[in-house]
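Colleague: Here you go, this is model.csv (CSV, C-alpha atoms).
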```
chain,number,residue,atom,x,y,z
A,13,MET,CA,92.8,-11.8,41.7
A,14,LYS,CA,96.0,-10.0,42.7
A,15,ILE,CA,98.8,-12.3,43.5
A,16,THR,CA,99.1,-11.0,47.1
A,17,GLU,CA,95.3,-11.7,47.6
A,18,GLN,CA,95.9,-15.2,46.3
A,19,ILE,CA,98.8,-15.8,48.7
A,20,LYS,CA,96.7,-14.5,51.6
A,21,GLN,CA,93.7,-16.7,50.8
A,22,PRO,CA,94.6,-19.8,53.0
A,23,ILE,CA,95.4,-17.5,56.0
A,24,ALA,CA,92.7,-14.8,55.5
A,25,TYR,CA,91.0,-15.6,58.8
A,26,GLU,CA,94.4,-15.6,60.7
A,27,MET,CA,95.4,-12.3,59.1
A,28,GLU,CA,92.1,-10.6,60.1
A,29,LEU,CA,92.5,-11.8,63.7
A,30,PHE,CA,96.1,-10.9,63.7
A,31,GLU,CA,95.2,-7.2,62.8
A,32,GLN,CA,93.1,-7.0,66.0
A,33,LYS,CA,95.8,-8.6,68.1
A,34,PHE,CA,98.5,-6.4,66.6
A,35,GLN,CA,96.6,-3.2,67.4
A,36,LEU,CA,96.1,-4.4,71.0
A,37,SER,CA,99.8,-5.2,71.3
A,38,MET,CA,100.6,-1.5,70.7
A,39,ALA,CA,98.1,0.0,73.1
A,40,SER,CA,99.3,2.6,75.7
A,41,LYS,CA,97.9,4.9,78.4
A,42,VAL,CA,99.5,7.9,76.6
A,43,ALA,CA,97.1,9.5,74.1
A,44,LEU,CA,99.9,10.8,71.8
A,45,LEU,CA,101.3,7.3,71.5
A,46,ASN,CA,97.9,5.8,70.6
A,47,ARG,CA,97.4,8.5,68.0
A,48,ILE,CA,100.7,7.7,66.4
A,49,THR,CA,100.3,3.9,66.5
A,50,HIS,CA,96.8,4.3,65.1
A,51,TYR,CA,98.4,6.3,62.2
A,52,ILE,CA,100.9,3.5,61.7
A,53,VAL,CA,98.3,0.7,61.7
A,54,ASN,CA,96.1,2.5,59.1
A,55,ARG,CA,99.0,2.8,56.7
A,56,LYS,CA,100.3,-0.7,56.8
A,57,GLY,CA,102.1,-2.3,53.8
A,58,LYS,CA,101.5,-5.7,52.2
A,59,GLN,CA,102.3,-7.4,55.6
A,60,MET,CA,104.5,-10.0,54.0
A,61,ARG,CA,106.2,-10.8,57.3
A,62,PRO,CA,103.2,-11.9,59.3
A,63,MET,CA,102.1,-13.8,56.1
A,64,PHE,CA,105.3,-15.8,56.2
A,65,VAL,CA,104.8,-16.6,59.9
A,66,PHE,CA,101.2,-18.0,59.4
A,67,LEU,CA,101.9,-19.8,56.2
A,68,VAL,CA,104.9,-21.7,57.6
A,69,ALA,CA,103.1,-22.5,60.8
A,70,LYS,CA,100.0,-23.9,59.0
A,71,MET,CA,102.1,-25.8,56.4
A,72,MET,CA,104.0,-27.5,59.3
A,73,ASN,CA,101.1,-28.1,61.6
A,74,ASN,CA,98.2,-29.5,59.4
A,75,GLY,CA,96.7,-26.1,58.9
A,76,GLU,CA,96.6,-25.3,62.6
A,77,VAL,CA,98.1,-22.3,64.4
A,78,SER,CA,98.5,-21.5,68.1
A,79,GLU,CA,98.4,-18.4,70.2
A,80,ARG,CA,102.2,-18.4,70.0
A,81,THR,CA,101.9,-18.0,66.2
A,82,TYR,CA,99.9,-14.8,66.7
A,83,ARG,CA,102.4,-13.5,69.2
A,84,GLY,CA,105.3,-14.4,66.9
A,85,ALA,CA,103.6,-12.5,64.0
A,86,SER,CA,102.9,-9.5,66.3
A,87,VAL,CA,106.5,-9.4,67.6
A,88,ILE,CA,108.0,-9.5,64.2
A,89,GLU,CA,105.7,-6.7,62.9
A,90,LEU,CA,106.4,-4.6,66.0
A,91,ILE,CA,110.1,-4.9,65.6
A,92,HIS,CA,109.9,-4.4,61.8
A,93,THR,CA,107.8,-1.2,62.3
A,94,ALA,CA,110.3,0.0,64.9
A,95,THR,CA,113.2,-0.4,62.5
A,96,LEU,CA,111.3,1.4,59.7
A,97,VAL,CA,110.5,4.4,62.0
A,98,HIS,CA,114.1,4.6,63.0
A,99,ASP,CA,115.3,4.2,59.4
A,100,ASP,CA,113.2,7.2,58.3
A,101,VAL,CA,114.9,9.3,60.9
A,102,VAL,CA,118.4,8.1,59.9
A,103,ASP,CA,117.7,8.6,56.2
A,104,ASP,CA,115.9,12.0,56.9
A,105,SER,CA,113.0,10.6,54.8
A,106,ASN,CA,109.7,12.4,54.8
A,107,ARG,CA,107.6,9.7,53.0
A,108,ARG,CA,106.9,6.0,53.8
A,109,ARG,CA,104.6,4.0,51.4
A,110,GLY,CA,103.3,7.2,49.9
A,111,PHE,CA,102.3,8.7,53.2
A,112,PHE,CA,104.1,11.2,55.5
A,113,SER,CA,106.6,9.4,57.8
A,114,ILE,CA,106.4,9.7,61.6
A,115,ASN,CA,109.4,12.0,61.7
A,116,ALA,CA,107.8,14.3,59.1
A,117,LEU,CA,104.7,14.7,61.1
A,118,TRP,CA,105.9,14.5,64.7
A,119,LYS,CA,109.6,15.3,64.4
A,120,ASN,CA,112.7,13.2,65.0
A,121,LYS,CA,112.7,13.1,68.8
A,122,ILE,CA,109.1,11.6,68.9
A,123,ALA,CA,109.9,9.2,66.0
A,124,VAL,CA,113.0,7.8,67.8
A,125,LEU,CA,110.9,7.4,71.0
A,126,ILE,CA,108.1,5.6,69.1
A,127,GLY,CA,110.6,3.2,67.6
A,128,ASP,CA,112.0,2.5,71.0
A,129,TYR,CA,108.5,2.0,72.4
A,130,LEU,CA,107.6,-0.5,69.7
A,131,LEU,CA,110.8,-2.4,70.2
A,132,SER,CA,110.2,-2.7,73.9
A,133,LYS,CA,106.5,-3.7,73.3
A,134,GLY,CA,107.8,-6.5,71.0
A,135,LEU,CA,110.3,-7.8,73.6
A,136,LEU,CA,107.8,-7.7,76.5
A,137,LEU,CA,105.1,-9.5,74.5
A,138,SER,CA,107.6,-12.5,74.3
A,139,ILE,CA,108.8,-12.2,77.9
A,140,ASP,CA,105.3,-11.8,79.5
A,141,ASN,CA,104.3,-15.1,77.8
A,142,ASN,CA,107.6,-17.0,78.4
A,143,ASP,CA,108.2,-17.3,74.7
A,144,PHE,CA,112.0,-17.2,75.2
A,145,ASP,CA,112.7,-19.2,72.1
A,146,LEU,CA,110.8,-16.7,70.0
A,147,LEU,CA,112.5,-13.8,71.8
A,148,LYS,CA,115.9,-15.3,70.9
A,149,ILE,CA,115.0,-15.5,67.2
A,150,ILE,CA,113.9,-11.9,67.2
A,151,SER,CA,116.9,-10.6,69.2
A,152,VAL,CA,119.4,-12.3,66.9
A,153,ALA,CA,117.6,-10.7,63.9
A,154,VAL,CA,117.8,-7.2,65.4
A,155,ARG,CA,121.5,-7.6,66.2
A,156,GLU,CA,122.2,-8.8,62.7
A,157,MET,CA,120.2,-6.0,61.0
A,158,SER,CA,122.2,-3.4,62.9
A,159,GLU,CA,125.5,-5.1,62.0
A,160,GLY,CA,124.5,-5.4,58.4
A,161,GLU,CA,123.7,-1.7,58.1
A,162,LEU,CA,126.9,-0.7,59.8
A,163,LEU,CA,129.0,-3.0,57.6
A,164,GLN,CA,127.4,-1.5,54.5
A,165,ILE,CA,128.2,2.1,55.7
A,166,GLU,CA,131.8,1.0,56.5
A,167,LYS,CA,132.2,-0.6,53.0
A,168,ALA,CA,130.6,2.3,51.1
A,169,ARG,CA,133.3,4.6,52.4
A,170,GLN,CA,136.0,2.4,50.9
A,171,LEU,CA,134.2,1.0,47.8
A,172,ASP,CA,136.3,-2.1,48.1
A,173,ILE,CA,133.5,-4.6,48.2
A,174,THR,CA,133.7,-8.2,47.1
A,175,GLU,CA,130.7,-10.3,46.2
A,176,GLU,CA,131.2,-12.3,49.4
A,177,VAL,CA,131.0,-9.2,51.5
A,178,TYR,CA,128.0,-8.0,49.6
A,179,TYR,CA,126.2,-11.3,50.5
A,180,ASP,CA,127.2,-10.9,54.1
A,181,ILE,CA,125.7,-7.4,54.1
A,182,ILE,CA,122.3,-8.4,52.5
A,183,ARG,CA,122.1,-11.6,54.6
A,184,GLN,CA,122.2,-9.5,57.7
A,185,LYS,CA,120.5,-6.4,56.6
A,186,THR,CA,117.5,-7.8,54.7
A,187,ALA,CA,117.4,-11.6,54.7
A,188,THR,CA,117.7,-12.0,58.5
A,189,LEU,CA,114.3,-10.5,59.1
A,190,ILE,CA,112.5,-12.8,56.6
A,191,ALA,CA,114.5,-15.7,58.0
A,192,ALA,CA,113.2,-14.8,61.5
A,193,CYS,CA,109.6,-14.8,60.2
A,194,CYS,CA,109.9,-18.3,58.9
A,195,SER,CA,111.7,-19.7,61.9
A,196,LEU,CA,109.1,-18.0,64.2
A,197,GLY,CA,106.3,-19.7,62.3
A,198,ALA,CA,108.0,-23.0,62.7
A,199,ALA,CA,109.0,-22.5,66.4
A,200,SER,CA,105.5,-21.3,67.3
A,201,VAL,CA,104.0,-24.8,66.5
A,202,LYS,CA,107.0,-27.1,66.7
A,203,PRO,CA,109.4,-25.6,69.2
A,204,ASN,CA,113.0,-27.0,69.2
A,205,SER,CA,112.4,-29.1,66.1
A,206,PRO,CA,115.1,-29.3,63.3
A,207,GLU,CA,112.5,-27.7,61.1
A,208,VAL,CA,113.0,-24.3,62.8
A,209,GLU,CA,116.4,-24.2,61.3
A,210,THR,CA,115.2,-25.5,57.9
A,211,MET,CA,112.6,-22.7,57.8
A,212,ARG,CA,115.1,-20.1,58.9
A,213,LYS,CA,117.3,-21.1,55.9
A,214,PHE,CA,114.3,-21.0,53.6
A,215,GLY,CA,113.5,-17.4,54.7
A,216,GLU,CA,117.1,-16.4,54.4
A,217,LEU,CA,117.3,-17.5,50.8
A,218,ILE,CA,114.1,-15.7,49.9
A,219,GLY,CA,115.5,-12.6,51.6
A,220,MET,CA,118.7,-12.8,49.5
A,221,ALA,CA,116.6,-13.0,46.3
A,222,PHE,CA,114.4,-10.1,47.6
A,223,GLN,CA,117.3,-7.8,48.1
A,224,ILE,CA,118.9,-8.6,44.7
A,225,LYS,CA,115.5,-7.8,43.1
A,226,ASP,CA,115.6,-4.4,44.9
A,227,ASP,CA,119.1,-3.8,43.5
A,228,LEU,CA,117.9,-4.5,40.0
A,229,PHE,CA,115.2,-1.8,40.4
A,230,ASP,CA,117.9,0.8,40.5
A,231,TYR,CA,118.7,0.1,36.9
A,232,GLY,CA,115.1,-0.3,35.7
A,233,GLU,CA,112.8,1.8,33.6
A,234,GLU,CA,109.8,1.3,35.8
A,235,LYS,CA,108.6,3.8,38.4
A,236,ILE,CA,108.7,2.1,41.7
A,237,GLY,CA,108.7,4.8,44.2
A,238,LYS,CA,112.4,5.4,44.2
A,239,PRO,CA,114.2,7.1,41.3
A,240,THR,CA,116.6,5.1,39.1
A,241,GLY,CA,120.2,5.4,40.1
A,242,ILE,CA,119.5,6.2,43.8
A,243,ASP,CA,121.8,3.5,45.0
A,244,ILE,CA,124.7,5.0,43.0
A,245,LYS,CA,123.9,8.5,44.3
A,246,GLU,CA,124.0,7.0,47.9
A,247,GLN,CA,127.2,5.1,47.1
A,248,LYS,CA,125.6,1.8,47.8
A,249,MET,CA,127.4,-1.1,46.2
A,250,THR,CA,124.9,-3.4,44.6
A,251,LEU,CA,125.4,-6.8,42.9
A,252,PRO,CA,125.3,-5.6,39.2
A,253,LEU,CA,127.9,-2.9,40.0
A,254,ILE,CA,130.1,-5.2,42.1
A,255,HIS,CA,130.1,-7.8,39.3
A,256,VAL,CA,131.1,-5.3,36.7
A,257,LEU,CA,133.7,-3.7,38.9
A,258,ASN,CA,135.4,-7.0,39.5
A,259,ASN,CA,135.3,-8.0,35.8
A,260,CYS,CA,136.4,-4.9,33.8
A,261,SER,CA,139.7,-3.4,32.8
A,262,LYS,CA,141.8,-1.4,35.3
A,263,LYS,CA,141.0,1.8,33.4
A,264,GLU,CA,137.3,1.1,33.4
A,265,LYS,CA,137.4,0.2,37.1
A,266,SER,CA,139.1,3.5,38.1
A,267,TRP,CA,136.5,5.4,36.0
A,268,LEU,CA,133.7,3.5,37.8
A,269,ILE,CA,135.0,4.1,41.3
A,270,ASN,CA,135.7,7.7,40.5
A,271,SER,CA,132.2,8.1,39.2
A,272,VAL,CA,130.5,6.6,42.3
A,273,LYS,CA,132.9,8.4,44.7
A,274,ASN,CA,133.1,11.9,43.3
A,275,HIS,CA,130.4,12.3,40.6
A,276,ASN,CA,127.5,10.4,42.2
A,277,LYS,CA,125.4,13.6,42.2
A,278,ASN,CA,125.9,14.3,38.5
A,279,LYS,CA,122.8,13.0,36.7
A,280,LYS,CA,124.6,12.5,33.4
A,281,ARG,CA,127.5,10.6,35.0
A,282,VAL,CA,125.1,8.4,36.9
A,283,LYS,CA,123.2,7.5,33.7
A,284,GLU,CA,126.6,6.6,32.1
A,285,VAL,CA,127.4,4.3,35.0
A,286,ILE,CA,124.0,2.6,34.7
A,287,ALA,CA,124.5,2.2,30.9
A,288,PHE,CA,128.0,0.8,31.4
A,289,VAL,CA,126.8,-1.8,34.0
A,290,LYS,CA,124.0,-2.9,31.6
A,291,THR,CA,126.4,-3.4,28.6
A,292,LYS,CA,128.9,-5.3,30.7
A,293,GLY,CA,126.2,-7.9,31.7
A,294,GLY,CA,125.8,-6.8,35.4
A,295,LEU,CA,122.0,-7.2,35.3
A,296,GLU,CA,122.0,-10.6,33.7
A,297,TYR,CA,124.6,-11.8,36.3
A,298,ALA,CA,122.5,-10.5,39.2
A,299,VAL,CA,119.3,-12.0,37.8
A,300,SER,CA,121.0,-15.5,37.5
A,301,LYS,CA,122.2,-15.2,41.2
A,302,MET,CA,118.7,-14.2,42.3
A,303,LYS,CA,117.2,-17.2,40.5
A,304,ASN,CA,119.7,-19.5,42.2
A,305,PHE,CA,118.5,-18.3,45.6
A,306,GLN,CA,114.9,-18.7,44.5
A,307,ALA,CA,115.5,-22.3,43.3
A,308,GLU,CA,117.4,-23.3,46.5
A,309,ALA,CA,114.5,-21.9,48.6
A,310,LEU,CA,111.9,-23.9,46.7
A,311,THR,CA,113.9,-27.1,47.1
A,312,LEU,CA,113.5,-26.8,50.9
A,313,LEU,CA,109.7,-27.1,50.5
A,314,ASP,CA,110.0,-30.4,48.6
A,315,SER,CA,109.8,-32.6,51.7
A,316,TYR,CA,106.4,-31.1,52.8
A,317,PRO,CA,103.1,-32.6,51.6
A,318,GLU,CA,101.1,-30.5,49.1
A,319,SER,CA,98.7,-28.1,50.8
A,320,PRO,CA,97.2,-24.6,50.2
A,321,TYR,CA,99.9,-23.2,52.5
A,322,LYS,CA,102.8,-24.7,50.7
A,323,SER,CA,101.3,-23.5,47.4
A,324,SER,CA,101.0,-20.0,48.8
A,325,LEU,CA,104.6,-20.1,50.1
A,326,LYS,CA,105.7,-21.1,46.5
A,327,LEU,CA,103.7,-18.2,45.1
A,328,MET,CA,105.4,-15.9,47.7
A,329,VAL,CA,108.8,-17.0,46.5
A,330,ASP,CA,107.9,-16.3,42.9
A,331,TYR,CA,106.3,-13.0,43.9
A,332,VAL,CA,109.6,-11.8,45.4
A,333,ILE,CA,111.2,-12.3,42.1
A,334,ASP,CA,108.4,-11.1,39.8
A,335,ARG,CA,107.2,-8.1,41.7
A,336,LYS,CA,107.2,-4.7,40.0
A,337,LYS,CA,108.0,-2.6,43.0
```
Before anything else, please render the file you have as structure tokens.
Modeller:
Amino acid sequence: MKITEQIKQPIAYEMELFEQKFQLSMASKVALLNRITHYIVNRKGKQMRPMFVFLVAKMMNNGEVSERTYRGASVIELIHTATLVHDDVVDDSNRRRGFFSINALWKNKIAVLIGDYLLSKGLLLSIDNNDFDLLKIISVAVREMSEGELLQIEKARQLDITEEVYYDIIRQKTATLIAACCSLGAASVKPNSPEVETMRKFGELIGMAFQIKDDLFDYGEEKIGKPTGIDIKEQKMTLPLIHVLNNCSKKEKSWLINSVKNHNKNKKRVKEVIAFVKTKGGLEYAVSKMKNFQAEALTLLDSYPESPYKSSLKLMVDYVIDRKK
């Protein structure tokens, strides 16, 4: 059995019901909108985010979920999908998960409007049901994601990034959404309990590990849908590169910065940068940091009794680190 199927097992019923509710949450009177949202639903990814919502809720509530749990999962998926649709426009990307992106099929203007529509649907789903605590969790996540992306753009221009700034960027850009999933799961069954914050922290740590794993793919041999060296070409400062930049000689540092700034489109030079980062221990360093975040996340589950949901969450944490793409 594939690991994702194994993780899903204790929430298989909820995930099936969630799919129906999620489709309904996107419905509109406009035929074009329905055609596009139907296209989105049929090309869904692994659905890690709703899985986090249901697993956390069931772990904390003796295997029970509430209607609020379904709404929380739908809201996070609506907002996440909206950000992906907008990202494809921003990145001028024609593919998403191996299929044509919305902007490739329907052009940018429609893609931006679809993103806006999904965002508003997510917010209204919370407001119409008085889930203001869930709405706050989501809204904070959206704000942080936008700030994280902009901070990354600002820093990429100067290439003066420290490890601390890097963690700030990935905390906001990537980890905040997984943190929101876990705190939504907790808040849906135990509103206003201290566990909402514990689970937010748990999700944040997993998100940090997840992003570092993504950074490592840039140096890998495996085909994962994005070519090796793409982060360097896009002048994105990732942990292996930052570590080496901050721990090499002045001469090597200026060669590295010059390579990323002025020769990032030169394939040979990009390969040299990758090789240099590898020999200087950049990858090992990033792996050790990733494993620290993983261990810290797992410790937060210690106080919960053993259950199929807790086991699946542990599997999920390991999957984040061991995945091949």
Colleague: Can you work out which one of A:His92, A:Leu171, A:Asp230, A:Arg335 has the shortest atom-to-atom distance to A:Ser266, counting all atoms listed in the file?
Modeller: A:Leu171
Colleague: Which value, in Å to one decimal, gives the distance between atom CA of A:Gln184 and atom CA of A:Gly160?
Modeller: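 Spanning atom CA of A:Gln184 to atom CA of A:Gly160 is a straight-line distance of 4.8 Å.
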Colleague: Counting all atoms listed in the file, figure out which residue out of A:Gly241, A:Gly215, A:Gly84, A:Gly293 gets nearest to A:His255.
Modeller: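 Closest to A:His255, using all atoms listed in the file: A:Gly293.
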Colleague: Pick from A:Ile286, A:Leu90, A:Ile242, A:Leu253: nearest to A:Leu136, with only C-alpha atoms counted?
Modeller: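 Once distances to A:Leu136 are computed over only C-alpha atoms, the minimum belongs to A:Leu90.
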Colleague: Extract, using all atoms listed in the file, all DNA, RNA and protein residues at most 8 Å from A:Val65, discarding same-chain residues fewer than 2 positions from it, and format them as a ChimeraX atom specification.
Modeller: /A:61-63,67-69,81,84-85,193-198
Colleague: Using all atoms listed in the file, which protein or nucleic acid residues come within 8 Å of A:Glu159? Drop anything in the same chain fewer than 4 positions from it, and give the result as a list in words.
Modeller: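 Here the answer would be Arg155, Leu163, Gln184 and Lys185 of chain A.
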Colleague: Write the residues of the selection above to a file with C-alpha atoms, as a PDB file, in the coordinates of the input.
Modeller:
```pdb
ATOM      1  CA  ARG A 155     121.500  -7.600  66.200  1.00  0.00           C
ATOM      2  CA  LEU A 163     129.000  -3.000  57.600  1.00  0.00           C
ATOM      3  CA  GLN A 184     122.200  -9.500  57.700  1.00  0.00           C
ATOM      4  CA  LYS A 185     120.500  -6.400  56.600  1.00  0.00           C
TER       5      LYS A 185
END
```
Colleague: Using only C-alpha atoms for the distances, tell me which of A:Thr291, A:Asn258, A:Leu268, A:His275 is nearest to A:Tyr231.
Modeller: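 Using only C-alpha atoms, A:Tyr231 sits closest to A:Thr291.
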Colleague: Give me, please, the distance in Å between atom CA of A:Phe288 and atom CA of A:Asp103, quoted to one decimal.
Modeller: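 That distance, rounded to one decimal, is 28.0 Å.
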Colleague: Please indicate the distance in Å from atom CA of A:Ile114 to atom CA of A:Lys133, rounded to one decimal place.
Modeller: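 These atoms are spaced 17.8 Å apart.
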Colleague: Taking (93.5, -12.0, 50.9) in the file's coordinates as the center, which residues reach within 12 Å of it, counting all atoms listed in the file, put as number ranges by chain?
Modeller: A: 13-28, 58-60, 63, 324
Colleague: Quick one: everything within 12 Å of A:Lys121, counting all atoms listed in the file, minus sequence neighbours fewer than 4 positions away in the same chain. Send it as a list in words.
Modeller: Val97, His98, Val101, Val102, Ile114, Asn115, Ala116, Leu117, Leu125, Ile126, Gly127 and Asp128 of chain A
Colleague: Ranking A:Ala168, A:Leu251, A:Leu189, A:Ile149 by minimum distance to A:Thr93 and counting all atoms listed in the file, which one comes first?
Modeller: A:Leu189
Colleague: Excluding same-chain residues fewer than 3 positions from A:Val282, what lies within 8 Å of it counting all atoms listed in the file, as a PyMOL selection string?
Modeller: chain A and resi 241+244-245+271-272+275-279+285-286
Colleague: Using all atoms listed in the file and a cutoff of 6 Å, can you tell me which residues are near (112.0, -1.8, 67.7) in the file's coordinates, and write them out as an MDAnalysis selection string?
Modeller: chainID A and resid 91 94:95 127:128 130:131
Colleague: Centre and edge lengths, as JSON, for the axis-aligned box enclosing every listed atom of stretch 180-188 of chain A with 6 Å of padding on each of the six sides, in Å to one decimal?
Modeller:
```
{"center_x": 122.3, "center_y": -9.2, "center_z": 55.5, "size_x": 21.8, "size_y": 17.6, "size_z": 18.0}
```
